[in-house]
Amino acid sequence: MTKAIEIKNLVKSFSGKRGSTLVLDDISLSIASGEFLTIVGASGCGKSTLLRIVAGLEIADHGAVLVGGQPINGPGVDRAMVFQDYSLFPWLTVKQNVLFSRRLAANSSDNLALERGAEEARAVKLISLVGLTAAQDAYPSQLSGGMRQRVAIARALMSKPSIILMDEPFGALDAQTREVMQDLVLGVVAQEGTTIVFVTHDVEEALYLGSRVVLMSPHPGRIDTIYEVPLPAERTVMMRVDPAFVALKREVMERIRATVGLSLDRSEQGTIGAEA
Ligand SMILES: Nc1ncnc2c1ncn2[C@@H]1O[C@H](COP(=O)(O)OP(=O)(O)OP(=O)(O)O)[C@@H](O)[C@H]1O
Ligand SMILES: [Mg+2]
C-alpha cells in the first residue's frame, strides 16, 4: 500500500518558566493511503501536539512529516482538520460554511480551480452525505451539537483533502449522537477514500473506527503499542459486543492505565523535564 503519511523521528518540546519539557520523543509512524488510524493515550501524552505537527500548525524540533512522499512545511489543502469545538462561522448558513473552506482552498497555490457551479454541487452533495439537506440554509445557532459537527465534517471534505486530521471531534457529544456520528464518518470516508488520523479519549471509539489503534504513553509522549483491530473493514454496531472486541478494549484500557504508572516511574528517574 502507498504511504499517505510518514512521520519520522519527531521530537518536540515546549519551553515554560521552569525550563523545557519534552512532549514528543522520537515518534515514527507510517499511515497507508485510505487508512483509518486512531490514536489514544492518557491526557497530556501529546496526541494533539502530534496531530498539530502533521497539520503543519506546529513545528517539530527534529524529524519530519512526509505527505505523499514530500516533507510538509506548513498547513496545506491536502490536510483538513476537524476539532472538538465546532469552529463554524456563526454568521454563515450551513451551506455557506461548507462552501467557505473551498474559497480558502481557491486562494491557495495548489488549487484545482473548480467552477463555481461544480463547487455548489459538491457542497450540496456533501451536505446530503452528512444528512443535513433539510438544514442547509440554517445557521449554526439553530443546530444541535451533532449537526454542527456534521457541518464541520462536510466542510473539511469540501477541498477534497487526501487526509483529514480529527482531534476528539465527538468529545462534546452525548453517547447516542456519538455512535451515529461514528457510523456517519465511516460511511463518508469509505465513499471519499480519505485517509483519517483520529484522536480520541474513548477506547471503544478508537477500536470501532480504526483499522489500527496507536497507544501513546505520556511524559514524554512516545508510541507505546500499535494494535491491529481484528474486525472486518465494514463495521457494524453489534461488533461492539463481539468478545474479541471487548477483550481488546479491556487490554487497551489496562495498558493506558499502565502507561500512566510508567510515566510516574520515568519522572522518578528524572527523565522528565519540568512541567511548563
Ligand atoms: N503551546 C504549548 N505550550 C506549552 N506546553 C504545551 C503547549 N501545547 C501543549 N503543551 C504541553 O504538551 C503536553 C501534551 O499536550 P497535548 O495537548 O498534545 O496532549 P493531549 O494528549 O492532546 O492531551 P488531552 O488528551 O488532554 O487533549 C502537555 O503537557 C501540555 O501541557
Ligand atoms: Mg488533546
# chains A, B, ... in the order shown; residues from 1 in each chain; ligands from 1

$ closest_atom_pairs --of "chain A" --to "ligand 1" --cutoff "10 Å" --atoms "only C-alpha atoms and all ligand atoms" --output "tab-separated table"
residue	atom	partner	partner_atom_place_in_ligand_line	distance
A:Lys12	CA	ligand 1	12 (O)	8.9
A:Ser13	CA	ligand 1	12 (O)	7.6
A:Phe14	CA	ligand 1	4 (C)	4.8
A:Ser15	CA	ligand 1	4 (C)	6.2
A:Gly16	CA	ligand 1	4 (C)	6.4
A:Lys17	CA	ligand 1	4 (C)	9.9
A:Ser20	CA	ligand 1	4 (C)	9.0
A:Thr21	CA	ligand 1	5 (N)	7.6
A:Leu22	CA	ligand 1	12 (O)	8.0
A:Val23	CA	ligand 1	12 (O)	5.2
A:Leu24	CA	ligand 1	14 (C)	7.9
A:Ile39	CA	ligand 1	21 (O)	9.3
A:Val40	CA	ligand 1	21 (O)	8.0
A:Gly41	CA	ligand 1	21 (O)	6.5
A:Ala42	CA	ligand 1	25 (O)	6.0
A:Ser43	CA	ligand 1	25 (O)	3.5
A:Gly44	CA	ligand 1	19 (O)	3.5
A:Cys45	CA	ligand 1	21 (O)	4.0
A:Gly46	CA	ligand 1	18 (O)	3.2
A:Lys47	CA	ligand 1	21 (O)	3.8
A:Ser48	CA	ligand 1	22 (O)	3.6
A:Thr49	CA	ligand 1	18 (O)	3.7
A:Leu50	CA	ligand 1	18 (O)	6.4
A:Leu51	CA	ligand 1	18 (O)	8.0
A:Arg52	CA	ligand 1	18 (O)	8.3
A:Ile53	CA	ligand 1	18 (O)	9.8
A:Glu58	CA	ligand 1	1 (N)	8.8
A:Gln84	CA	ligand 1	27 (O)	9.9
A:Asp167	CA	ligand 1	22 (O)	8.0
A:Glu168	CA	ligand 1	27 (O)	8.0
A:Val199	CA	ligand 1	22 (O)	8.0
A:Thr200	CA	ligand 1	25 (O)	7.6
A:His201	CA	ligand 1	25 (O)	6.4
A:Met216	CA	ligand 1	21 (O)	8.3
A:Ser217	CA	ligand 1	21 (O)	9.1
A:Pro218	CA	ligand 1	21 (O)	7.8
A:His219	CA	ligand 1	29 (O)	7.6
A:Pro220	CA	ligand 1	13 (C)	8.2
A:Gly221	CA	ligand 1	14 (C)	7.5
A:Ala274	CA	ligand 1	29 (O)	9.9
A:Glu275	CA	ligand 1	29 (O)	6.7
A:Ala276	CA	ligand 1	5 (N)	5.7

$ closest_residue --among "A:Thr133, A:Gln70, A:Asp78, A:Pro169" --to "ligand 2" --atoms "only C-alpha atoms and all ligand atoms"
A:Pro169

$ atom_distance --atom1 "atom CA of A:Ser101" --atom2 "atom CA of A:Ser211"
28.4 Å

$ residues_around --residues "stretch 155-166 of chain A" --least-positions-apart "6" --cutoff "8 Å" --atoms "only C-alpha atoms" --output "PyMOL selection string"
chain A and resi 4+51+55+77-83+97-102+105+122-123+126+193-199

$ write_last_selection --atoms "N, CA and C atoms" --output "PDB file, in the first residue's frame"
ATOM      1  N   ALA A   4       0.388   7.392   2.833  1.00  0.00           N
ATOM      2  CA  ALA A   4      -0.183   8.743   2.773  1.00  0.00           C
ATOM      3  C   ALA A   4       0.640   9.688   3.637  1.00  0.00           C
ATOM      4  N   LEU A  51      -0.859  15.697  16.220  1.00  0.00           N
ATOM      5  CA  LEU A  51      -1.787  15.993  15.129  1.00  0.00           C
ATOM      6  C   LEU A  51      -1.522  17.392  14.554  1.00  0.00           C
ATOM      7  N   ALA A  55      -0.610  18.525  10.856  1.00  0.00           N
ATOM      8  CA  ALA A  55      -1.409  19.549  10.165  1.00  0.00           C
ATOM      9  C   ALA A  55      -0.547  20.713   9.680  1.00  0.00           C
ATOM     10  N   VAL A  77      -3.874  22.356   1.651  1.00  0.00           N
ATOM     11  CA  VAL A  77      -5.242  21.910   1.340  1.00  0.00           C
ATOM     12  C   VAL A  77      -5.344  20.393   1.255  1.00  0.00           C
ATOM     13  N   ASP A  78      -4.183  19.713   1.230  1.00  0.00           N
ATOM     14  CA  ASP A  78      -4.198  18.246   1.236  1.00  0.00           C
ATOM     15  C   ASP A  78      -4.572  17.694   2.608  1.00  0.00           C
ATOM     16  N   ARG A  79      -4.514  18.540   3.657  1.00  0.00           N
ATOM     17  CA  ARG A  79      -4.814  18.102   5.033  1.00  0.00           C
ATOM     18  C   ARG A  79      -5.852  19.019   5.671  1.00  0.00           C
ATOM     19  N   ALA A  80      -7.034  18.464   5.971  1.00  0.00           N
ATOM     20  CA  ALA A  80      -8.060  19.243   6.665  1.00  0.00           C
ATOM     21  C   ALA A  80      -8.086  18.813   8.116  1.00  0.00           C
ATOM     22  N   MET A  81      -8.534  19.711   8.978  1.00  0.00           N
ATOM     23  CA  MET A  81      -8.575  19.369  10.394  1.00  0.00           C
ATOM     24  C   MET A  81      -9.984  19.596  10.941  1.00  0.00           C
ATOM     25  N   VAL A  82     -10.429  18.692  11.809  1.00  0.00           N
ATOM     26  CA  VAL A  82     -11.718  18.856  12.500  1.00  0.00           C
ATOM     27  C   VAL A  82     -11.435  18.807  14.002  1.00  0.00           C
ATOM     28  N   PHE A  83     -11.874  19.844  14.705  1.00  0.00           N
ATOM     29  CA  PHE A  83     -11.598  19.964  16.141  1.00  0.00           C
ATOM     30  C   PHE A  83     -12.827  19.588  16.964  1.00  0.00           C
ATOM     31  N   ASN A  97     -21.070  27.827   5.179  1.00  0.00           N
ATOM     32  CA  ASN A  97     -19.940  27.308   5.949  1.00  0.00           C
ATOM     33  C   ASN A  97     -19.186  26.238   5.168  1.00  0.00           C
ATOM     34  N   VAL A  98     -19.938  25.352   4.516  1.00  0.00           N
ATOM     35  CA  VAL A  98     -19.304  24.275   3.755  1.00  0.00           C
ATOM     36  C   VAL A  98     -18.546  24.854   2.556  1.00  0.00           C
ATOM     37  N   LEU A  99     -19.150  25.839   1.906  1.00  0.00           N
ATOM     38  CA  LEU A  99     -18.504  26.462   0.737  1.00  0.00           C
ATOM     39  C   LEU A  99     -17.287  27.292   1.137  1.00  0.00           C
ATOM     40  N   PHE A 100     -17.272  27.757   2.364  1.00  0.00           N
ATOM     41  CA  PHE A 100     -16.216  28.673   2.783  1.00  0.00           C
ATOM     42  C   PHE A 100     -14.827  28.061   2.630  1.00  0.00           C
ATOM     43  N   SER A 101     -14.691  26.795   3.037  1.00  0.00           N
ATOM     44  CA  SER A 101     -13.358  26.195   3.009  1.00  0.00           C
ATOM     45  C   SER A 101     -12.889  26.024   1.568  1.00  0.00           C
ATOM     46  N   ARG A 102     -13.856  25.856   0.660  1.00  0.00           N
ATOM     47  CA  ARG A 102     -13.488  25.771  -0.746  1.00  0.00           C
ATOM     48  C   ARG A 102     -12.896  27.100  -1.224  1.00  0.00           C
ATOM     49  N   ALA A 105      -9.413  27.320  -0.136  1.00  0.00           N
ATOM     50  CA  ALA A 105      -8.568  26.499  -0.985  1.00  0.00           C
ATOM     51  C   ALA A 105      -8.323  27.187  -2.323  1.00  0.00           C
ATOM     52  N   ARG A 122     -20.848  20.212  -5.279  1.00  0.00           N
ATOM     53  CA  ARG A 122     -20.109  19.399  -4.312  1.00  0.00           C
ATOM     54  C   ARG A 122     -20.592  19.707  -2.882  1.00  0.00           C
ATOM     55  N   ALA A 123     -20.799  20.979  -2.599  1.00  0.00           N
ATOM     56  CA  ALA A 123     -21.289  21.351  -1.258  1.00  0.00           C
ATOM     57  C   ALA A 123     -22.634  20.667  -1.000  1.00  0.00           C
ATOM     58  N   LEU A 126     -22.137  16.962  -0.371  1.00  0.00           N
ATOM     59  CA  LEU A 126     -21.545  16.681   0.943  1.00  0.00           C
ATOM     60  C   LEU A 126     -22.556  16.917   2.059  1.00  0.00           C
ATOM     61  N   GLY A 193     -12.726   7.935   0.239  1.00  0.00           N
ATOM     62  CA  GLY A 193     -11.391   7.334   0.193  1.00  0.00           C
ATOM     63  C   GLY A 193     -10.331   8.128   0.943  1.00  0.00           C
ATOM     64  N   THR A 194     -10.780   8.932   1.917  1.00  0.00           N
ATOM     65  CA  THR A 194      -9.866   9.815   2.638  1.00  0.00           C
ATOM     66  C   THR A 194      -9.063   9.038   3.686  1.00  0.00           C
ATOM     67  N   THR A 195      -7.821   9.436   3.886  1.00  0.00           N
ATOM     68  CA  THR A 195      -7.006   8.902   4.981  1.00  0.00           C
ATOM     69  C   THR A 195      -7.356   9.687   6.238  1.00  0.00           C
ATOM     70  N   ILE A 196      -7.588   8.963   7.348  1.00  0.00           N
ATOM     71  CA  ILE A 196      -8.002   9.643   8.574  1.00  0.00           C
ATOM     72  C   ILE A 196      -7.035   9.347   9.716  1.00  0.00           C
ATOM     73  N   VAL A 197      -6.647  10.393  10.419  1.00  0.00           N
ATOM     74  CA  VAL A 197      -5.961  10.226  11.695  1.00  0.00           C
ATOM     75  C   VAL A 197      -6.870  10.851  12.743  1.00  0.00           C
ATOM     76  N   PHE A 198      -7.307  10.038  13.690  1.00  0.00           N
ATOM     77  CA  PHE A 198      -8.394  10.387  14.594  1.00  0.00           C
ATOM     78  C   PHE A 198      -7.943  10.203  16.035  1.00  0.00           C
ATOM     79  N   VAL A 199      -7.907  11.292  16.777  1.00  0.00           N
ATOM     80  CA  VAL A 199      -7.508  11.242  18.185  1.00  0.00           C
ATOM     81  C   VAL A 199      -8.744  11.167  19.057  1.00  0.00           C
TER      82      VAL A 199
END

$ residues_around --residues "A:Ser141" --least-positions-apart "5" --cutoff "12 Å" --atoms "only C-alpha atoms" --output "number ranges by chain"
A: 86-94, 135, 147-148

$ write_last_selection --atoms "N, CA and C atoms" --output "PDB file, in the first residue's frame"
ATOM      1  N   TYR A  86     -16.813  23.127  17.427  1.00  0.00           N
ATOM      2  CA  TYR A  86     -17.251  23.004  16.036  1.00  0.00           C
ATOM      3  C   TYR A  86     -16.624  24.023  15.092  1.00  0.00           C
ATOM      4  N   SER A  87     -16.171  25.132  15.635  1.00  0.00           N
ATOM      5  CA  SER A  87     -15.493  26.167  14.854  1.00  0.00           C
ATOM      6  C   SER A  87     -16.163  26.490  13.512  1.00  0.00           C
ATOM      7  N   LEU A  88     -17.489  26.686  13.573  1.00  0.00           N
ATOM      8  CA  LEU A  88     -18.208  27.149  12.379  1.00  0.00           C
ATOM      9  C   LEU A  88     -18.322  28.670  12.459  1.00  0.00           C
ATOM     10  N   PHE A  89     -18.575  29.292  11.320  1.00  0.00           N
ATOM     11  CA  PHE A  89     -18.813  30.739  11.324  1.00  0.00           C
ATOM     12  C   PHE A  89     -20.289  30.969  11.630  1.00  0.00           C
ATOM     13  N   PRO A  90     -20.591  31.608  12.770  1.00  0.00           N
ATOM     14  CA  PRO A  90     -21.986  31.722  13.202  1.00  0.00           C
ATOM     15  C   PRO A  90     -22.844  32.564  12.252  1.00  0.00           C
ATOM     16  N   TRP A  91     -22.209  33.471  11.501  1.00  0.00           N
ATOM     17  CA  TRP A  91     -22.977  34.360  10.620  1.00  0.00           C
ATOM     18  C   TRP A  91     -23.203  33.751   9.236  1.00  0.00           C
ATOM     19  N   LEU A  92     -22.701  32.542   9.005  1.00  0.00           N
ATOM     20  CA  LEU A  92     -22.911  31.878   7.714  1.00  0.00           C
ATOM     21  C   LEU A  92     -23.852  30.691   7.889  1.00  0.00           C
ATOM     22  N   THR A  93     -24.642  30.408   6.845  1.00  0.00           N
ATOM     23  CA  THR A  93     -25.525  29.240   6.895  1.00  0.00           C
ATOM     24  C   THR A  93     -24.690  27.966   6.765  1.00  0.00           C
ATOM     25  N   VAL A  94     -25.345  26.829   6.936  1.00  0.00           N
ATOM     26  CA  VAL A  94     -24.701  25.529   6.771  1.00  0.00           C
ATOM     27  C   VAL A  94     -23.987  25.472   5.408  1.00  0.00           C
ATOM     28  N   ALA A 135     -31.414  21.159   6.422  1.00  0.00           N
ATOM     29  CA  ALA A 135     -30.924  22.252   7.276  1.00  0.00           C
ATOM     30  C   ALA A 135     -29.890  23.117   6.559  1.00  0.00           C
ATOM     31  N   MET A 147     -25.244  18.024  14.748  1.00  0.00           N
ATOM     32  CA  MET A 147     -25.445  18.626  13.428  1.00  0.00           C
ATOM     33  C   MET A 147     -24.297  19.577  13.086  1.00  0.00           C
ATOM     34  N   ARG A 148     -23.863  20.325  14.075  1.00  0.00           N
ATOM     35  CA  ARG A 148     -22.743  21.252  13.821  1.00  0.00           C
ATOM     36  C   ARG A 148     -21.486  20.481  13.424  1.00  0.00           C
TER      37      ARG A 148
END

$ select_by_dssp --residues "stretch 69-261 of chain A" --states "helix (DSSP H, G or I)" --output "PyMOL selection string"
chain A and resi 94-106+116-129+133-135+140-142+145-158+175-192+203-209+237-241+243-261

$ select_by_dssp --residues "stretch 70-202 of chain A" --states "strand (DSSP E)" --output "count of residues only"
16

$ closest_residue --among "A:Ile7, A:Leu215, A:Leu207, A:Val246" --to "A:Pro232" --atoms "only C-alpha atoms"
A:Leu207

$ closest_residue --among "A:Gln142, A:Asp85, A:Ala175, A:Arg240" --to "ligand 2" --atoms "only C-alpha atoms and all ligand atoms"
A:Asp85

$ atom_distance --atom1 "atom CA of A:Leu57" --atom2 "atom CA of A:Ile153"
19.0 Å

$ atom_distance --atom1 "atom CA of A:Val252" --atom2 "atom CA of A:Thr2"
27.8 Å

$ closest_residue --among "A:Gly171, A:Gly56, A:Pro243, A:Gly63" --to "ligand 2" --atoms "only C-alpha atoms and all ligand atoms"
A:Gly171
